[in-house]
>>> print(open('upload-v9.cif').read())   # mmCIF, C-alpha atoms
data_structure
loop_
_atom_site.label_atom_id
_atom_site.label_comp_id
_atom_site.auth_asym_id
_atom_site.auth_seq_id
_atom_site.Cartn_x
_atom_site.Cartn_y
_atom_site.Cartn_z
CA MET S 1337 -33.50 9.92 1.40
CA GLU S 1338 -35.52 13.04 0.70
CA GLU S 1339 -34.64 13.04 -2.99
CA ASP S 1340 -36.26 9.60 -3.40
CA LYS S 1341 -39.58 11.02 -2.22
CA LYS S 1342 -39.44 13.73 -4.88
CA ALA S 1343 -38.39 11.41 -7.68
CA ILE S 1344 -40.89 10.97 -10.49
CA THR S 1345 -41.77 8.04 -12.73
CA GLU S 1346 -41.93 10.10 -15.94
CA ILE S 1347 -40.30 13.24 -17.31
CA ASP S 1348 -42.48 16.34 -17.52
CA MET S 1349 -40.44 19.18 -19.02
CA ASP S 1350 -43.19 21.69 -18.29
CA ALA S 1351 -42.94 20.93 -14.57
CA ILE S 1352 -39.14 20.77 -14.58
CA VAL S 1353 -38.77 24.13 -16.35
CA ARG S 1354 -41.23 25.78 -13.98
CA SER S 1355 -39.39 24.36 -11.00
CA ARG S 1356 -35.90 25.39 -12.20
CA ALA S 1357 -36.90 28.82 -13.54
CA GLY S 1358 -39.02 29.83 -10.56
CA SER S 1359 -40.71 33.21 -10.98
CA LYS S 1360 -39.10 33.65 -14.42
CA ALA S 1361 -40.91 30.60 -15.81
CA ARG S 1362 -43.83 32.73 -17.00
CA PHE S 1363 -41.55 34.43 -19.51
CA ILE S 1364 -40.61 31.14 -21.21
CA PRO S 1365 -42.84 30.58 -24.27
CA GLN S 1366 -44.61 27.26 -24.64
CA TRP S 1367 -43.04 26.68 -28.06
CA ALA S 1368 -39.61 26.73 -26.40
CA ILE S 1369 -40.68 24.09 -23.89
CA ASN S 1370 -42.17 21.97 -26.68
CA LEU S 1371 -38.86 22.22 -28.54
CA LEU S 1372 -37.08 21.11 -25.40
CA LYS S 1373 -39.41 18.13 -25.11
CA ARG S 1374 -38.43 17.02 -28.61
CA LEU S 1375 -34.75 17.66 -27.93
CA VAL S 1376 -34.73 15.44 -24.84
CA HIS S 1377 -36.99 12.85 -26.53
CA GLN S 1378 -39.46 13.03 -23.66
CA ASP S 1379 -41.89 10.47 -25.10
CA PHE S 1380 -39.13 7.97 -25.92
CA ILE S 1381 -37.62 8.25 -22.45
CA ASN S 1382 -41.00 8.02 -20.72
CA GLY S 1383 -41.70 4.85 -22.68
CA TYR S 1384 -38.80 3.29 -20.80
CA LEU S 1385 -39.52 4.91 -17.43
CA ARG S 1386 -43.02 3.40 -17.43
CA GLN S 1387 -41.40 -0.03 -17.06
CA GLY S 1388 -40.82 0.91 -13.42
CA LEU S 1389 -37.30 -0.48 -13.01
CA GLU S 1390 -35.11 0.89 -10.21
CA GLY S 1391 -31.50 0.68 -9.13
CA VAL S 1392 -29.13 -1.67 -10.96
CA PRO S 1393 -31.93 -3.25 -13.09
CA PHE S 1394 -32.78 0.28 -14.24
CA CYS S 1395 -29.19 0.78 -15.45
CA LYS S 1396 -29.09 -2.52 -17.33
CA GLY S 1397 -32.55 -1.86 -18.71
CA VAL S 1398 -31.43 1.41 -20.28
CA LEU S 1399 -28.77 -0.42 -22.28
CA ASP S 1400 -31.27 -3.06 -23.37
CA TYR S 1401 -33.88 -0.42 -24.33
CA LEU S 1402 -31.32 1.38 -26.48
CA GLY S 1403 -29.93 -1.83 -27.94
CA VAL S 1404 -26.45 -0.88 -26.71
CA THR S 1405 -23.78 -3.54 -26.25
CA VAL S 1406 -20.87 -3.13 -23.86
CA ASN S 1407 -17.61 -5.06 -23.83
CA VAL S 1408 -16.08 -5.10 -20.34
CA GLU S 1409 -12.35 -5.75 -20.11
CA GLY S 1410 -10.45 -6.30 -16.85
CA ARG S 1411 -13.22 -7.65 -14.64
CA GLU S 1412 -10.50 -9.63 -12.86
CA ASN S 1413 -9.20 -6.32 -11.50
CA LEU S 1414 -12.36 -5.71 -9.49
CA PRO S 1415 -11.51 -6.25 -5.79
CA SER S 1416 -13.39 -9.14 -4.18
CA ASP S 1417 -11.93 -9.10 -0.67
CA GLY S 1418 -14.61 -6.96 0.96
CA ARG S 1419 -12.74 -3.63 0.98
CA TRP S 1420 -14.58 -0.49 -0.07
CA CYS S 1421 -13.23 1.16 -3.19
CA THR S 1422 -13.54 4.35 -5.20
CA PHE S 1423 -14.14 3.76 -8.90
CA VAL S 1424 -13.14 6.73 -11.04
CA SER S 1425 -13.78 7.01 -14.76
CA ASN S 1426 -13.53 9.42 -17.62
CA HIS S 1427 -16.90 10.78 -18.74
CA PRO S 1428 -17.11 10.78 -22.56
CA LEU S 1429 -20.86 10.33 -23.06
CA GLY S 1430 -22.78 11.81 -20.14
CA ALA S 1431 -25.44 9.08 -19.86
CA ILE S 1432 -24.49 5.69 -21.30
CA ASP S 1433 -21.20 5.69 -19.40
CA GLY S 1434 -23.01 6.42 -16.16
CA VAL S 1435 -25.63 3.68 -16.41
CA THR S 1436 -23.04 1.21 -17.72
CA LEU S 1437 -20.90 1.58 -14.61
CA GLY S 1438 -24.03 1.38 -12.46
CA TRP S 1439 -24.86 -1.94 -14.10
CA VAL S 1440 -21.34 -3.46 -14.15
CA LEU S 1441 -20.37 -2.46 -10.62
CA GLY S 1442 -23.87 -2.79 -9.20
CA GLU S 1443 -24.11 -6.43 -10.28
CA GLN S 1444 -20.57 -7.13 -9.07
CA TYR S 1445 -21.20 -5.69 -5.61
CA ASP S 1446 -24.84 -6.58 -4.96
CA SER S 1447 -26.07 -3.01 -5.56
CA LYS S 1448 -23.81 -1.64 -2.80
CA ILE S 1449 -22.78 1.35 -4.89
CA LYS S 1450 -23.38 5.07 -4.81
CA TYR S 1451 -22.40 7.69 -7.28
CA LEU S 1452 -22.54 11.46 -7.53
CA VAL S 1453 -24.75 12.77 -10.31
CA ASN S 1454 -26.13 16.01 -11.67
CA ASP S 1455 -29.02 16.76 -9.34
CA LEU S 1456 -31.40 16.97 -12.31
CA LEU S 1457 -31.10 13.19 -12.60
CA MET S 1458 -32.68 12.82 -9.18
CA ASN S 1459 -35.95 13.48 -11.00
CA LEU S 1460 -35.67 9.90 -12.26
CA LYS S 1461 -37.10 7.46 -9.75
CA GLY S 1462 -35.20 4.56 -11.27
CA LEU S 1463 -31.80 6.16 -10.66
CA ALA S 1464 -32.47 7.80 -7.31
CA PRO S 1465 -31.65 4.75 -5.11
CA LEU S 1466 -28.07 4.64 -6.43
CA CYS S 1467 -27.30 8.33 -6.49
CA VAL S 1468 -26.33 11.31 -4.40
CA PRO S 1469 -26.99 14.63 -6.17
CA VAL S 1470 -24.58 17.46 -6.89
CA ASN S 1471 -25.84 20.85 -8.06
CA ILE S 1472 -23.54 21.72 -10.97
CA ILE S 1473 -25.74 24.59 -12.11
CA GLY S 1474 -26.49 26.58 -8.98
CA GLY S 1475 -24.18 28.72 -6.91
CA HIS S 1476 -23.57 26.33 -4.02
CA GLN S 1477 -21.57 23.71 -5.86
CA SER S 1478 -18.51 23.61 -3.60
CA ARG S 1479 -20.43 23.19 -0.33
CA ASN S 1480 -22.90 20.81 -1.95
CA LEU S 1481 -20.14 18.68 -3.43
CA SER S 1482 -18.13 18.50 -0.21
CA GLU S 1483 -21.09 17.47 1.93
CA ASN S 1484 -22.36 14.81 -0.47
CA VAL S 1485 -18.94 13.32 -1.17
CA GLU S 1486 -18.36 12.94 2.58
CA ALA S 1487 -21.76 11.31 2.97
CA ILE S 1488 -21.19 8.56 0.44
CA PHE S 1489 -17.62 7.86 1.53
CA SER S 1490 -18.83 7.42 5.11
CA GLY S 1491 -21.43 4.84 4.09
CA GLN S 1492 -21.22 1.13 3.45
CA ASN S 1493 -21.01 1.36 -0.32
CA HIS S 1494 -18.49 1.48 -3.10
CA VAL S 1495 -18.21 4.93 -4.62
CA ILE S 1496 -18.40 5.74 -8.33
CA MET S 1497 -17.19 9.14 -9.46
CA PHE S 1498 -16.59 11.05 -12.67
CA PRO S 1499 -13.99 13.52 -11.36
CA GLY S 1500 -14.16 15.60 -14.53
CA ARG S 1501 -17.78 16.39 -13.55
CA LEU S 1502 -18.77 17.54 -17.04
CA CYS S 1503 -18.60 15.42 -20.18
CA SER S 1504 -15.31 15.13 -22.01
CA ARG S 1505 -14.46 17.88 -24.50
CA LYS S 1506 -12.62 17.89 -27.81
CA GLN S 1507 -9.07 19.15 -27.33
CA ASP S 1508 -7.00 21.28 -29.70
CA ASP S 1509 -5.26 18.14 -30.99
CA GLY S 1510 -8.62 16.56 -31.84
CA SER S 1511 -8.61 14.07 -28.95
CA ILE S 1512 -11.62 13.65 -26.65
CA ARG S 1513 -10.59 14.03 -23.02
CA ASP S 1514 -12.02 15.09 -19.69
CA LEU S 1515 -11.55 18.53 -18.23
CA PRO S 1516 -9.08 18.65 -15.30
CA TRP S 1517 -10.18 16.25 -12.57
CA GLY S 1518 -11.27 17.45 -9.15
CA LYS S 1519 -9.22 16.38 -6.13
CA ALA S 1520 -12.10 15.30 -3.86
CA PHE S 1521 -11.83 11.60 -4.72
CA VAL S 1522 -8.16 11.58 -3.71
CA GLN S 1523 -8.74 13.32 -0.39
CA LYS S 1524 -11.76 11.21 0.56
CA SER S 1525 -10.18 7.94 -0.57
CA VAL S 1526 -7.20 8.59 1.68
CA LYS S 1527 -9.36 9.70 4.60
CA HIS S 1528 -11.63 6.64 4.37
CA GLN S 1529 -8.91 4.24 3.16
CA HIS S 1530 -10.52 3.40 -0.16
CA ASP S 1531 -8.32 1.97 -2.86
CA VAL S 1532 -8.91 3.72 -6.20
CA VAL S 1533 -9.88 1.67 -9.25
CA PRO S 1534 -9.34 3.52 -12.57
CA ILE S 1535 -11.78 2.90 -15.42
CA HIS S 1536 -11.46 3.94 -19.05
CA PHE S 1537 -14.75 4.21 -20.93
CA ILE S 1538 -14.13 4.32 -24.68
CA GLY S 1539 -16.66 6.34 -26.66
CA HIS S 1540 -17.52 9.82 -27.90
CA ASN S 1541 -20.48 12.07 -28.62
CA SER S 1542 -21.42 13.68 -31.94
CA PRO S 1543 -19.42 16.54 -33.56
CA ARG S 1544 -22.42 18.80 -32.88
CA PHE S 1545 -22.07 18.28 -29.14
CA TYR S 1546 -18.41 19.31 -29.12
CA SER S 1547 -19.09 22.27 -31.38
CA VAL S 1548 -21.81 23.60 -29.07
CA ALA S 1549 -19.60 23.04 -26.01
CA ARG S 1550 -16.71 24.87 -27.69
CA TRP S 1551 -18.80 27.90 -28.64
CA CYS S 1552 -20.36 28.08 -25.17
CA LYS S 1553 -16.86 28.29 -23.73
CA ARG S 1554 -15.64 30.86 -26.25
CA LEU S 1555 -18.66 33.11 -25.79
CA HIS S 1556 -18.82 32.60 -22.00
CA LEU S 1557 -22.32 31.17 -22.26
CA PRO S 1558 -23.99 28.66 -19.92
CA ASN S 1559 -23.29 24.99 -20.61
CA PHE S 1560 -26.03 24.55 -23.23
CA ALA S 1561 -24.27 21.38 -24.44
CA MET S 1562 -25.70 19.62 -21.38
CA ALA S 1563 -29.19 19.98 -22.87
CA LEU S 1564 -28.02 17.87 -25.82
CA LEU S 1565 -27.10 14.84 -23.70
CA PRO S 1566 -30.52 13.13 -23.91
CA ASP S 1567 -30.32 13.44 -27.70
CA GLU S 1568 -26.79 12.03 -27.63
CA MET S 1569 -28.12 9.06 -25.69
CA TYR S 1570 -30.93 8.64 -28.24
CA ARG S 1571 -28.34 8.68 -31.05
CA SER S 1572 -26.41 5.89 -29.32
CA ARG S 1573 -29.14 3.33 -30.10
CA GLY S 1574 -27.56 0.14 -31.40
CA GLY S 1575 -24.08 1.34 -30.49
CA SER S 1576 -21.20 -0.62 -29.02
CA TYR S 1577 -18.76 0.54 -26.34
CA THR S 1578 -15.80 -0.80 -24.43
CA VAL S 1579 -15.07 -0.41 -20.71
CA ARG S 1580 -11.54 -1.13 -19.48
CA ILE S 1581 -11.02 -1.66 -15.75
CA GLY S 1582 -7.50 -1.04 -14.46
CA GLN S 1583 -5.69 -2.44 -11.46
CA PRO S 1584 -6.58 -0.91 -8.06
CA ILE S 1585 -4.32 1.85 -6.78
CA PRO S 1586 -3.70 1.48 -3.01
CA TRP S 1587 -4.84 4.53 -1.08
CA GLN S 1588 -1.40 4.73 0.52
CA THR S 1589 -0.06 5.73 -2.90
CA PHE S 1590 -1.41 9.24 -2.45
CA ASP S 1591 1.33 10.54 -0.16
CA GLN S 1592 2.84 13.99 0.34
CA SER S 1593 5.06 13.78 -2.74
CA ARG S 1594 2.25 15.42 -4.74
CA THR S 1595 -0.67 17.66 -3.90
CA PRO S 1596 -4.17 16.12 -4.07
CA THR S 1597 -4.78 18.06 -7.30
CA GLN S 1598 -1.58 16.67 -8.82
CA TRP S 1599 -2.50 13.14 -7.74
CA ALA S 1600 -5.94 13.57 -9.35
CA GLN S 1601 -4.35 14.44 -12.71
CA TRP S 1602 -1.93 11.54 -12.27
CA VAL S 1603 -4.85 9.11 -11.90
CA LYS S 1604 -6.57 10.74 -14.88
CA ASP S 1605 -3.49 10.05 -17.00
CA LYS S 1606 -3.48 6.45 -15.77
CA VAL S 1607 -7.09 6.08 -16.91
CA TYR S 1608 -6.23 7.07 -20.46
CA GLU S 1609 -3.30 4.65 -20.47
CA ILE S 1610 -5.53 1.64 -19.77
#
>>> encode(input="upload-v9.cif", output="structure tokens")
Amino acid sequence: MEEDKKAITEIDMDAIVRSRAGSKARFIPQWAINLLKRLVHQDFINGYLRQGLEGVPFCKGVLDYLGVTVNVEGRENLPSDGRWCTFVSNHPLGAIDGVTLGWVLGEQYDSKIKYLVNDLLMNLKGLAPLCVPVNIIGGHQSRNLSENVEAIFSGQNHVIMFPGRLCSRKQDDGSIRDLPWGKAFVQKSVKHQHDVVPIHFIGHNSPRFYSVARWCKRLHLPNFAMALLPDEMYRSRGGSYTVRIGQPIPWQTFDQSRTPTQWAQWVKDKVYEI
């Protein structure tokens, strides 16, 4: 795919900022870019990227590099009869949860997986083979999402999705939960006859992350919390997480008794019950 050709082996924030900012890049001071480099831990990440791993080994390698351990519960619920499935999960961390599912499901299904990711991640050569990008920053999100979701559901791969799109947020009651889930996974699973497998990833980011996300929402600012995700991953070094895999939901379940949006929230609730 074209994105693979553009993928790089190391992160260069100078180049990324110039590319994303376009003609406005000249107004961004170098000290701000240097601060961003430290925030995303560019040197630490590049130390791993230089290992040259790609695909599922890349995902497992991230966990090893960070010293993260993952306890997987419910592996017996993973279908083994050859049918294609849609795996949907909550998105509490923004990085570790993504690579963990890439590793667990990629090893289970011989790398025959694809998942939708923030298009910025397509800059990483190691992830590119498993991913289809979605632009969650630009103004063409709806068309971009629809086209790319259709592409992966039409292929010969299992599909991994985080229907909440953004990382989970702290709720008024103090719980950490996803934003409302999008309906695309319901519609495409029915159209392509994919059973849906719910996954509950147990974990959370730092209080700082949720505070920044909350103030961005209150002040109607861009999602600056996203820039903190590499640092949240760095802070997870030596951490331990649990993944719970639920029983598959037959695609025939999603009938006319609810709208696709209502079914999406129904599955979301099921995830948090696992």
>>> atom_distance(input="upload-v9.cif", atom1="CA of Lys1450 in chain S", atom2="CA of Arg1411 in chain S")
19.0 Å
>>> residues_near_point(input="upload-v9.cif", point="(-17.1, 2.3, -3.1)", cutoff="12 Å", atoms="all atoms listed in the file", output="ChimeraX atom specification")
/S:1414-1415,1418-1424,1438,1441-1442,1444-1452,1466,1485,1487-1497,1521,1524-1525,1528-1533
>>> residues_around(input="upload-v9.cif", residues="range 1547-1563 of chain S", least_positions_apart="5", cutoff="9 Å", atoms="only C-alpha atoms", output="list of chain:residue names")
S:Leu1372, S:Leu1375, S:Val1376, S:Gly1430, S:Ile1473, S:Leu1502, S:Cys1503, S:Arg1505, S:Lys1506, S:Ser1542
>>> resolve_selection(input="upload-v9.cif", expression="the PyMOL selection byres ((chain S and resi 1565-1567) around 9)", output="PyMOL selection string")
chain S and resi 1374-1378+1381+1429-1431+1541+1545+1561-1564+1568-1572
>>> residues_around(input="upload-v9.cif", residues="Ser1425 in chain S", least_positions_apart="3", cutoff="7 Å", atoms="only C-alpha atoms", output="list of chain:residue names")
S:Met1497, S:Phe1498, S:Pro1534, S:Ile1535, S:His1536, S:Phe1537
>>> atom_distance(input="upload-v9.cif", atom1="CA of Trp1599 in chain S", atom2="CA of Ile1512 in chain S")
21.0 Å
>>> closest_residue(input="upload-v9.cif", among="S:Gly1410, S:Gly1518, S:Pro1365, S:Gly1358", to="Trp1602 in chain S", atoms="all atoms listed in the file")
S:Gly1518
>>> closest_residue(input="upload-v9.cif", among="S:Val1392, S:Val1408, S:Leu1463, S:Val1522", to="Glu1443 in chain S", atoms="all atoms listed in the file")
S:Val1392
>>> resolve_selection(input="upload-v9.cif", expression="the PyMOL selection byres ((chain S and resi 1583) around 7)", output="ChimeraX atom specification")
/S:1413,1533,1581-1582,1584-1585
>>> atom_distance(input="upload-v9.cif", atom1="CA of Arg1580 in chain S", atom2="CA of Ile1538 in chain S")
8.0 Å
>>> closest_residue(input="upload-v9.cif", among="S:Glu1346, S:Asp1417, S:Asp1433, S:Asp1514", to="Leu1399 in chain S", atoms="all atoms listed in the file")
S:Asp1433
>>> closest_residue(input="upload-v9.cif", among="S:Ala1361, S:Val1579, S:Ala1464, S:Val1453", to="Asn1484 in chain S", atoms="all atoms listed in the file")
S:Val1453
>>> closest_residue(input="upload-v9.cif", among="S:Gly1462, S:Gly1510, S:Pro1393, S:Gly1403", to="Gly1575 in chain S", atoms="all atoms listed in the file")
S:Gly1403
>>> closest_residue(input="upload-v9.cif", among="S:Met1349, S:Cys1467, S:Ile1432, S:Val1526", to="Gln1588 in chain S", atoms="all atoms listed in the file")
S:Val1526
>>> axis_aligned_box(input="upload-v9.cif", around="range 1448-1451 of chain S", padding_each_side="6 Å", output="AutoDock Vina command-line options")
--center_x -23.1 --center_y 3.0 --center_z -5.0 --size_x 13.4 --size_y 21.3 --size_z 16.5
